[in-house]
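Engineer: The structure file coords25.cif (mmCIF, N, CA and C atoms) is provided below.
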```cif
data_upload
#
loop_
_atom_site.group_PDB
_atom_site.id
_atom_site.type_symbol
_atom_site.label_atom_id
_atom_site.label_comp_id
_atom_site.auth_asym_id
_atom_site.auth_seq_id
_atom_site.Cartn_x
_atom_site.Cartn_y
_atom_site.Cartn_z
ATOM 1 N N MET A 1 15.482 7.829 1.853
ATOM 2 C CA MET A 1 14.666 8.497 0.874
ATOM 3 C C MET A 1 14.499 9.938 1.326
ATOM 4 N N ILE A 2 14.989 10.860 0.505
ATOM 5 C CA ILE A 2 14.924 12.270 0.900
ATOM 6 C C ILE A 2 14.768 13.138 -0.339
ATOM 7 N N GLY A 3 14.105 14.245 -0.152
ATOM 8 C CA GLY A 3 13.966 15.231 -1.210
ATOM 9 C C GLY A 3 14.452 16.570 -0.706
ATOM 10 N N GLY A 4 14.610 17.492 -1.612
ATOM 11 C CA GLY A 4 15.032 18.832 -1.249
ATOM 12 C C GLY A 4 16.146 19.330 -2.142
ATOM 13 N N ASP A 5 16.605 20.518 -1.828
ATOM 14 C CA ASP A 5 17.687 21.152 -2.577
ATOM 15 C C ASP A 5 18.965 20.333 -2.421
ATOM 16 N N PRO A 6 19.561 19.865 -3.526
ATOM 17 C CA PRO A 6 20.762 19.031 -3.430
ATOM 18 C C PRO A 6 21.935 19.715 -2.723
ATOM 19 N N ASP A 7 22.083 21.034 -2.898
ATOM 20 C CA ASP A 7 23.179 21.747 -2.238
ATOM 21 C C ASP A 7 23.003 21.757 -0.725
ATOM 22 N N VAL A 8 21.775 21.972 -0.272
ATOM 23 C CA VAL A 8 21.501 21.947 1.168
ATOM 24 C C VAL A 8 21.728 20.535 1.701
ATOM 25 N N LEU A 9 21.286 19.535 0.960
ATOM 26 C CA LEU A 9 21.490 18.154 1.386
ATOM 27 C C LEU A 9 22.978 17.839 1.512
ATOM 28 N N ASP A 10 23.770 18.244 0.525
ATOM 29 C CA ASP A 10 25.212 17.971 0.579
ATOM 30 C C ASP A 10 25.858 18.579 1.823
ATOM 31 N N ARG A 11 25.432 19.784 2.192
ATOM 32 C CA ARG A 11 26.012 20.451 3.369
ATOM 33 C C ARG A 11 25.558 19.794 4.677
ATOM 34 N N SER A 12 24.344 19.280 4.691
ATOM 35 C CA SER A 12 23.804 18.750 5.939
ATOM 36 C C SER A 12 23.802 17.220 6.001
ATOM 37 N N ARG A 13 24.247 16.557 4.965
ATOM 38 C CA ARG A 13 24.195 15.099 4.862
ATOM 39 C C ARG A 13 24.707 14.352 6.094
ATOM 40 N N PRO A 14 25.803 14.763 6.725
ATOM 41 C CA PRO A 14 26.292 13.983 7.874
ATOM 42 C C PRO A 14 25.273 13.839 9.014
ATOM 43 N N VAL A 15 24.436 14.842 9.217
ATOM 44 C CA VAL A 15 23.478 14.782 10.332
ATOM 45 C C VAL A 15 22.409 13.715 10.081
ATOM 46 N N PRO A 16 21.640 13.774 8.979
ATOM 47 C CA PRO A 16 20.627 12.723 8.792
ATOM 48 C C PRO A 16 21.231 11.334 8.564
ATOM 49 N N GLU A 17 22.409 11.269 7.923
ATOM 50 C CA GLU A 17 23.024 9.960 7.718
ATOM 51 C C GLU A 17 23.474 9.337 9.034
ATOM 52 N N ALA A 18 23.785 10.160 10.041
ATOM 53 C CA ALA A 18 24.155 9.619 11.351
ATOM 54 C C ALA A 18 22.965 8.890 11.986
ATOM 55 N N CYS A 19 21.762 9.330 11.662
ATOM 56 C CA CYS A 19 20.546 8.708 12.221
ATOM 57 C C CYS A 19 19.986 7.629 11.318
ATOM 58 N N ALA A 20 20.009 7.870 10.011
ATOM 59 C CA ALA A 20 19.265 7.019 9.085
ATOM 60 C C ALA A 20 20.141 6.140 8.203
ATOM 61 N N GLY A 21 21.430 6.348 8.194
ATOM 62 C CA GLY A 21 22.279 5.614 7.259
ATOM 63 C C GLY A 21 22.339 6.322 5.922
ATOM 64 N N LYS A 22 22.691 5.584 4.886
ATOM 65 C CA LYS A 22 22.852 6.179 3.561
ATOM 66 C C LYS A 22 21.536 6.747 3.050
ATOM 67 N N LEU A 23 21.599 7.960 2.528
ATOM 68 C CA LEU A 23 20.423 8.641 1.987
ATOM 69 C C LEU A 23 20.360 8.488 0.476
ATOM 70 N N SER A 24 19.149 8.430 -0.039
ATOM 71 C CA SER A 24 18.921 8.451 -1.483
ATOM 72 C C SER A 24 18.137 9.712 -1.802
ATOM 73 N N HIS A 25 18.783 10.644 -2.493
ATOM 74 C CA HIS A 25 18.118 11.879 -2.893
ATOM 75 C C HIS A 25 17.248 11.580 -4.096
ATOM 76 N N LEU A 26 15.962 11.991 -4.007
ATOM 77 C CA LEU A 26 15.000 11.620 -5.034
ATOM 78 C C LEU A 26 14.420 12.775 -5.818
ATOM 79 N N GLY A 27 14.755 14.007 -5.449
ATOM 80 C CA GLY A 27 14.199 15.134 -6.179
ATOM 81 C C GLY A 27 13.847 16.275 -5.247
ATOM 82 N N PRO A 28 12.835 17.046 -5.597
ATOM 83 C CA PRO A 28 12.502 18.245 -4.825
ATOM 84 C C PRO A 28 11.944 17.902 -3.441
ATOM 85 N N SER A 29 11.761 18.932 -2.654
ATOM 86 C CA SER A 29 11.204 18.769 -1.316
ATOM 87 C C SER A 29 9.885 17.989 -1.392
ATOM 88 N N GLY A 30 9.729 16.999 -0.546
ATOM 89 C CA GLY A 30 8.539 16.158 -0.532
ATOM 90 C C GLY A 30 8.709 14.848 -1.268
ATOM 91 N N ALA A 31 9.735 14.737 -2.105
ATOM 92 C CA ALA A 31 9.927 13.514 -2.889
ATOM 93 C C ALA A 31 10.215 12.309 -1.993
ATOM 94 N N GLY A 32 10.936 12.527 -0.898
ATOM 95 C CA GLY A 32 11.217 11.426 0.018
ATOM 96 C C GLY A 32 9.953 10.892 0.659
ATOM 97 N N HIS A 33 9.088 11.798 1.102
ATOM 98 C CA HIS A 33 7.816 11.380 1.702
ATOM 99 C C HIS A 33 6.940 10.660 0.676
ATOM 100 N N THR A 34 6.913 11.174 -0.548
ATOM 101 C CA THR A 34 6.122 10.540 -1.596
ATOM 102 C C THR A 34 6.639 9.135 -1.867
ATOM 103 N N MET A 35 7.963 8.982 -1.938
ATOM 104 C CA MET A 35 8.533 7.658 -2.192
ATOM 105 C C MET A 35 8.220 6.703 -1.053
ATOM 106 N N LYS A 36 8.212 7.184 0.174
ATOM 107 C CA LYS A 36 7.879 6.332 1.320
ATOM 108 C C LYS A 36 6.436 5.835 1.197
ATOM 109 N N VAL A 37 5.517 6.691 0.772
ATOM 110 C CA VAL A 37 4.132 6.272 0.567
ATOM 111 C C VAL A 37 4.057 5.221 -0.541
ATOM 112 N N VAL A 38 4.781 5.445 -1.639
ATOM 113 C CA VAL A 38 4.803 4.488 -2.745
ATOM 114 C C VAL A 38 5.372 3.145 -2.262
ATOM 115 N N HIS A 39 6.460 3.194 -1.521
ATOM 116 C CA HIS A 39 7.087 1.982 -0.967
ATOM 117 C C HIS A 39 6.098 1.235 -0.068
ATOM 118 N N ASN A 40 5.429 1.964 0.835
ATOM 119 C CA ASN A 40 4.462 1.335 1.732
ATOM 120 C C ASN A 40 3.286 0.744 0.965
ATOM 121 N N LEU A 41 2.863 1.410 -0.104
ATOM 122 C CA LEU A 41 1.776 0.894 -0.931
ATOM 123 C C LEU A 41 2.125 -0.489 -1.466
ATOM 124 N N ILE A 42 3.316 -0.634 -2.016
ATOM 125 C CA ILE A 42 3.740 -1.926 -2.570
ATOM 126 C C ILE A 42 3.898 -2.957 -1.457
ATOM 127 N N THR A 43 4.552 -2.579 -0.364
ATOM 128 C CA THR A 43 4.776 -3.515 0.741
ATOM 129 C C THR A 43 3.462 -4.034 1.302
ATOM 130 N N HIS A 44 2.537 -3.139 1.598
ATOM 131 C CA HIS A 44 1.296 -3.561 2.228
ATOM 132 C C HIS A 44 0.348 -4.246 1.246
ATOM 133 N N THR A 45 0.431 -3.895 -0.038
ATOM 134 C CA THR A 45 -0.341 -4.614 -1.049
ATOM 135 C C THR A 45 0.146 -6.054 -1.125
ATOM 136 N N ASN A 46 1.461 -6.236 -1.094
ATOM 137 C CA ASN A 46 2.040 -7.580 -1.106
ATOM 138 C C ASN A 46 1.590 -8.355 0.131
ATOM 139 N N PHE A 47 1.621 -7.709 1.300
ATOM 140 C CA PHE A 47 1.198 -8.374 2.533
ATOM 141 C C PHE A 47 -0.278 -8.784 2.441
ATOM 142 N N LEU A 48 -1.123 -7.879 1.947
ATOM 143 C CA LEU A 48 -2.550 -8.199 1.812
ATOM 144 C C LEU A 48 -2.776 -9.321 0.796
ATOM 145 N N ALA A 49 -2.023 -9.325 -0.294
ATOM 146 C CA ALA A 49 -2.154 -10.394 -1.292
ATOM 147 C C ALA A 49 -1.752 -11.740 -0.693
ATOM 148 N N CYS A 50 -0.651 -11.770 0.054
ATOM 149 C CA CYS A 50 -0.224 -13.013 0.707
ATOM 150 C C CYS A 50 -1.259 -13.469 1.732
ATOM 151 N N SER A 51 -1.830 -12.524 2.460
ATOM 152 C CA SER A 51 -2.844 -12.867 3.460
ATOM 153 C C SER A 51 -4.091 -13.440 2.791
ATOM 154 N N GLY A 52 -4.547 -12.791 1.732
ATOM 155 C CA GLY A 52 -5.701 -13.297 0.994
ATOM 156 C C GLY A 52 -5.437 -14.663 0.400
ATOM 157 N N ALA A 53 -4.254 -14.850 -0.156
ATOM 158 C CA ALA A 53 -3.879 -16.153 -0.707
ATOM 159 C C ALA A 53 -3.863 -17.210 0.396
ATOM 160 N N GLY A 54 -3.414 -16.818 1.579
ATOM 161 C CA GLY A 54 -3.403 -17.753 2.700
ATOM 162 C C GLY A 54 -4.800 -18.204 3.086
ATOM 163 N N HIS A 55 -5.746 -17.279 3.074
ATOM 164 C CA HIS A 55 -7.138 -17.646 3.372
ATOM 165 C C HIS A 55 -7.672 -18.616 2.312
ATOM 166 N N LEU A 56 -7.380 -18.336 1.043
ATOM 167 C CA LEU A 56 -7.824 -19.234 -0.028
ATOM 168 C C LEU A 56 -7.180 -20.609 0.104
ATOM 169 N N ALA A 57 -5.884 -20.627 0.379
ATOM 170 C CA ALA A 57 -5.169 -21.897 0.525
ATOM 171 C C ALA A 57 -5.743 -22.711 1.680
ATOM 172 N N GLU A 58 -5.919 -22.062 2.836
ATOM 173 C CA GLU A 58 -6.444 -22.783 3.997
ATOM 174 C C GLU A 58 -7.870 -23.278 3.745
ATOM 175 N N ALA A 59 -8.677 -22.497 3.044
ATOM 176 C CA ALA A 59 -10.036 -22.930 2.720
ATOM 177 C C ALA A 59 -10.023 -24.164 1.816
ATOM 178 N N ALA A 60 -8.945 -24.319 1.049
ATOM 179 C CA ALA A 60 -8.800 -25.477 0.161
ATOM 180 C C ALA A 60 -8.078 -26.633 0.845
ATOM 181 N N GLY A 61 -7.777 -26.471 2.149
ATOM 182 C CA GLY A 61 -7.110 -27.538 2.890
ATOM 183 C C GLY A 61 -5.601 -27.529 2.790
ATOM 184 N N ILE A 62 -5.035 -26.446 2.283
ATOM 185 C CA ILE A 62 -3.582 -26.326 2.155
ATOM 186 C C ILE A 62 -3.050 -25.599 3.380
ATOM 187 N N ASP A 63 -2.043 -26.175 4.001
ATOM 188 C CA ASP A 63 -1.440 -25.563 5.180
ATOM 189 C C ASP A 63 -0.725 -24.263 4.795
ATOM 190 N N LEU A 64 -0.904 -23.233 5.611
ATOM 191 C CA LEU A 64 -0.297 -21.930 5.334
ATOM 192 C C LEU A 64 1.220 -22.030 5.224
ATOM 193 N N SER A 65 1.845 -22.835 6.072
ATOM 194 C CA SER A 65 3.308 -22.963 6.009
ATOM 195 C C SER A 65 3.748 -23.608 4.696
ATOM 196 N N ASP A 66 2.940 -24.530 4.145
ATOM 197 C CA ASP A 66 3.261 -25.110 2.831
ATOM 198 C C ASP A 66 3.152 -24.062 1.734
ATOM 199 N N MET A 67 2.111 -23.225 1.810
ATOM 200 C CA MET A 67 1.955 -22.167 0.823
ATOM 201 C C MET A 67 3.174 -21.245 0.831
ATOM 202 N N ILE A 68 3.578 -20.804 2.011
ATOM 203 C CA ILE A 68 4.721 -19.898 2.115
ATOM 204 C C ILE A 68 5.994 -20.573 1.630
ATOM 205 N N ARG A 69 6.189 -21.837 1.973
ATOM 206 C CA ARG A 69 7.379 -22.578 1.521
ATOM 207 C C ARG A 69 7.424 -22.615 -0.005
ATOM 208 N N LEU A 70 6.275 -22.863 -0.631
ATOM 209 C CA LEU A 70 6.239 -22.917 -2.090
ATOM 210 C C LEU A 70 6.382 -21.536 -2.719
ATOM 211 N N PHE A 71 5.784 -20.508 -2.096
ATOM 212 C CA PHE A 71 6.012 -19.138 -2.582
ATOM 213 C C PHE A 71 7.511 -18.856 -2.635
ATOM 214 N N ASN A 72 8.203 -19.207 -1.556
ATOM 215 C CA ASN A 72 9.621 -18.880 -1.437
ATOM 216 C C ASN A 72 10.512 -19.710 -2.353
ATOM 217 N N ALA A 73 9.957 -20.761 -2.925
ATOM 218 C CA ALA A 73 10.706 -21.570 -3.892
ATOM 219 C C ALA A 73 10.422 -21.119 -5.327
ATOM 220 N N GLY A 74 9.547 -20.136 -5.492
ATOM 221 C CA GLY A 74 9.173 -19.713 -6.839
ATOM 222 C C GLY A 74 9.097 -18.208 -6.984
ATOM 223 N N ASN A 75 8.379 -17.772 -7.998
ATOM 224 C CA ASN A 75 8.312 -16.356 -8.338
ATOM 225 C C ASN A 75 7.461 -15.524 -7.400
ATOM 226 N N ALA A 76 6.686 -16.128 -6.506
ATOM 227 C CA ALA A 76 5.873 -15.368 -5.555
ATOM 228 C C ALA A 76 6.690 -14.929 -4.333
ATOM 229 N N ARG A 77 7.940 -15.301 -4.290
ATOM 230 C CA ARG A 77 8.836 -14.966 -3.173
ATOM 231 C C ARG A 77 8.960 -13.450 -3.014
ATOM 232 N N SER A 78 8.972 -13.010 -1.756
ATOM 233 C CA SER A 78 9.155 -11.594 -1.451
ATOM 234 C C SER A 78 9.660 -11.478 -0.017
ATOM 235 N N PHE A 79 10.005 -10.278 0.389
ATOM 236 C CA PHE A 79 10.385 -10.051 1.784
ATOM 237 C C PHE A 79 9.238 -10.472 2.703
ATOM 238 N N ILE A 80 8.021 -10.215 2.271
ATOM 239 C CA ILE A 80 6.852 -10.561 3.082
ATOM 240 C C ILE A 80 6.788 -12.069 3.289
ATOM 241 N N SER A 81 6.958 -12.849 2.231
ATOM 242 C CA SER A 81 6.870 -14.303 2.365
ATOM 243 C C SER A 81 8.120 -14.896 3.015
ATOM 244 N N GLU A 82 9.255 -14.263 2.794
ATOM 245 C CA GLU A 82 10.501 -14.798 3.359
ATOM 246 C C GLU A 82 10.700 -14.445 4.828
ATOM 247 N N ARG A 83 10.224 -13.293 5.251
ATOM 248 C CA ARG A 83 10.485 -12.854 6.626
ATOM 249 C C ARG A 83 9.226 -12.593 7.428
ATOM 250 N N ARG A 84 8.310 -11.775 6.918
ATOM 251 C CA ARG A 84 7.153 -11.377 7.731
ATOM 252 C C ARG A 84 6.280 -12.575 8.106
ATOM 253 N N PHE A 85 5.956 -13.430 7.126
ATOM 254 C CA PHE A 85 5.116 -14.570 7.458
ATOM 255 C C PHE A 85 5.838 -15.564 8.372
ATOM 256 N N PRO A 86 7.049 -16.007 8.046
ATOM 257 C CA PRO A 86 7.711 -16.934 8.966
ATOM 258 C C PRO A 86 7.973 -16.346 10.350
ATOM 259 N N ASP A 87 8.383 -15.090 10.413
ATOM 260 C CA ASP A 87 8.780 -14.498 11.696
ATOM 261 C C ASP A 87 7.603 -14.012 12.525
ATOM 262 N N HIS A 88 6.497 -13.616 11.878
ATOM 263 C CA HIS A 88 5.420 -12.956 12.617
ATOM 264 C C HIS A 88 4.045 -13.617 12.478
ATOM 265 N N ILE A 89 3.821 -14.370 11.430
ATOM 266 C CA ILE A 89 2.507 -14.979 11.228
ATOM 267 C C ILE A 89 2.553 -16.468 11.594
ATOM 268 N N LEU A 90 3.445 -17.200 10.953
ATOM 269 C CA LEU A 90 3.530 -18.647 11.204
ATOM 270 C C LEU A 90 4.028 -18.957 12.607
ATOM 271 N N SER A 91 4.867 -18.093 13.151
ATOM 272 C CA SER A 91 5.417 -18.344 14.491
ATOM 273 C C SER A 91 4.368 -18.096 15.558
#
```
Could you write out this file's structure as structure tokens?
Structural biologist:
Amino acid sequence: MIGGDPDVLDRSRPVPEACAGKLSHLGPSGAGHTMKVVHNLITHTNFLACSGAGHLAEAAGIDLSDMIRLFNAGNARSFISERRFPDHILS
């Protein structure tokens, strides 16, 4: 995620791509930082929603691992439920 003058980006692209991989140009200077904030907002909102749901599930006697398994079998599936909870919370 990067912003700035497209001509400058084209000339300098090999340097940041060597560190970060493929770049996505998003608009003027600052657009990359703004997109990162937007991305983090969605990611952490999803994490907080899953965490809150886990508290509700456990209070109702539902095992957290069952909740995550069912999330991942349906529309509540996300990177958070597929990786973060199994790899970092349930483990």
Engineer: Residues picked by the PyMOL selection byres ((chain A and resi 27) around 6.5) here, as a ChimeraX atom specification?
Structural biologist: /A:2-5,25-26,28-32
Engineer: Once the PyMOL selection byres ((chain A and resi 68) around 8) has been applied to the shown file, what residues remain in the selection, as a compact mmCIF listing (two decimals) with N, CA and C atoms, in the coordinates of the input?
Structural biologist:
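What ended up in out_17.txt:
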```txt
# COMPACT_ATOMS: atom_id res chain seq x y z
N GLY A 54 -3.41 -16.82 1.58
CA GLY A 54 -3.40 -17.75 2.70
C GLY A 54 -4.80 -18.20 3.09
N ASP A 63 -2.04 -26.18 4.00
CA ASP A 63 -1.44 -25.56 5.18
C ASP A 63 -0.72 -24.26 4.80
N LEU A 64 -0.90 -23.23 5.61
CA LEU A 64 -0.30 -21.93 5.33
C LEU A 64 1.22 -22.03 5.22
N SER A 65 1.84 -22.84 6.07
CA SER A 65 3.31 -22.96 6.01
C SER A 65 3.75 -23.61 4.70
N ASP A 66 2.94 -24.53 4.14
CA ASP A 66 3.26 -25.11 2.83
C ASP A 66 3.15 -24.06 1.73
N MET A 67 2.11 -23.22 1.81
CA MET A 67 1.96 -22.17 0.82
C MET A 67 3.17 -21.24 0.83
N ARG A 69 6.19 -21.84 1.97
CA ARG A 69 7.38 -22.58 1.52
C ARG A 69 7.42 -22.62 0.00
N LEU A 70 6.28 -22.86 -0.63
CA LEU A 70 6.24 -22.92 -2.09
C LEU A 70 6.38 -21.54 -2.72
N PHE A 71 5.78 -20.51 -2.10
CA PHE A 71 6.01 -19.14 -2.58
C PHE A 71 7.51 -18.86 -2.64
N ASN A 72 8.20 -19.21 -1.56
CA ASN A 72 9.62 -18.88 -1.44
C ASN A 72 10.51 -19.71 -2.35
N ALA A 73 9.96 -20.76 -2.92
CA ALA A 73 10.71 -21.57 -3.89
C ALA A 73 10.42 -21.12 -5.33
N GLY A 74 9.55 -20.14 -5.49
CA GLY A 74 9.17 -19.71 -6.84
C GLY A 74 9.10 -18.21 -6.98
N ARG A 77 7.94 -15.30 -4.29
CA ARG A 77 8.84 -14.97 -3.17
C ARG A 77 8.96 -13.45 -3.01
N SER A 81 6.96 -12.85 2.23
CA SER A 81 6.87 -14.30 2.37
C SER A 81 8.12 -14.90 3.02
N GLU A 82 9.26 -14.26 2.79
CA GLU A 82 10.50 -14.80 3.36
C GLU A 82 10.70 -14.44 4.83
N PHE A 85 5.96 -13.43 7.13
CA PHE A 85 5.12 -14.57 7.46
C PHE A 85 5.84 -15.56 8.37
N PRO A 86 7.05 -16.01 8.05
CA PRO A 86 7.71 -16.93 8.97
C PRO A 86 7.97 -16.35 10.35
```
Engineer: I'd like to know which of A:Ala76, A:Gly61, A:Phe47, A:Ser24 is closest to A:His88, using only C-alpha atoms.
Structural biologist: A:Phe47
Engineer: Do you have the atom N of A:Leu23-atom N of A:Met1 distance handy?
Structural biologist: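 Going from atom N of A:Leu23 over to atom N of A:Met1, I get 6.2 Å.
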Engineer: Measuring atom to atom with only N, CA and C atoms, identify which of A:Glu58, A:Ile80, A:Arg11, A:His33 is nearest to A:Asn46.
Structural biologist: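 Of A:Glu58, A:Ile80, A:Arg11, A:His33, the one nearest A:Asn46 is A:Ile80, counting only N, CA and C atoms.
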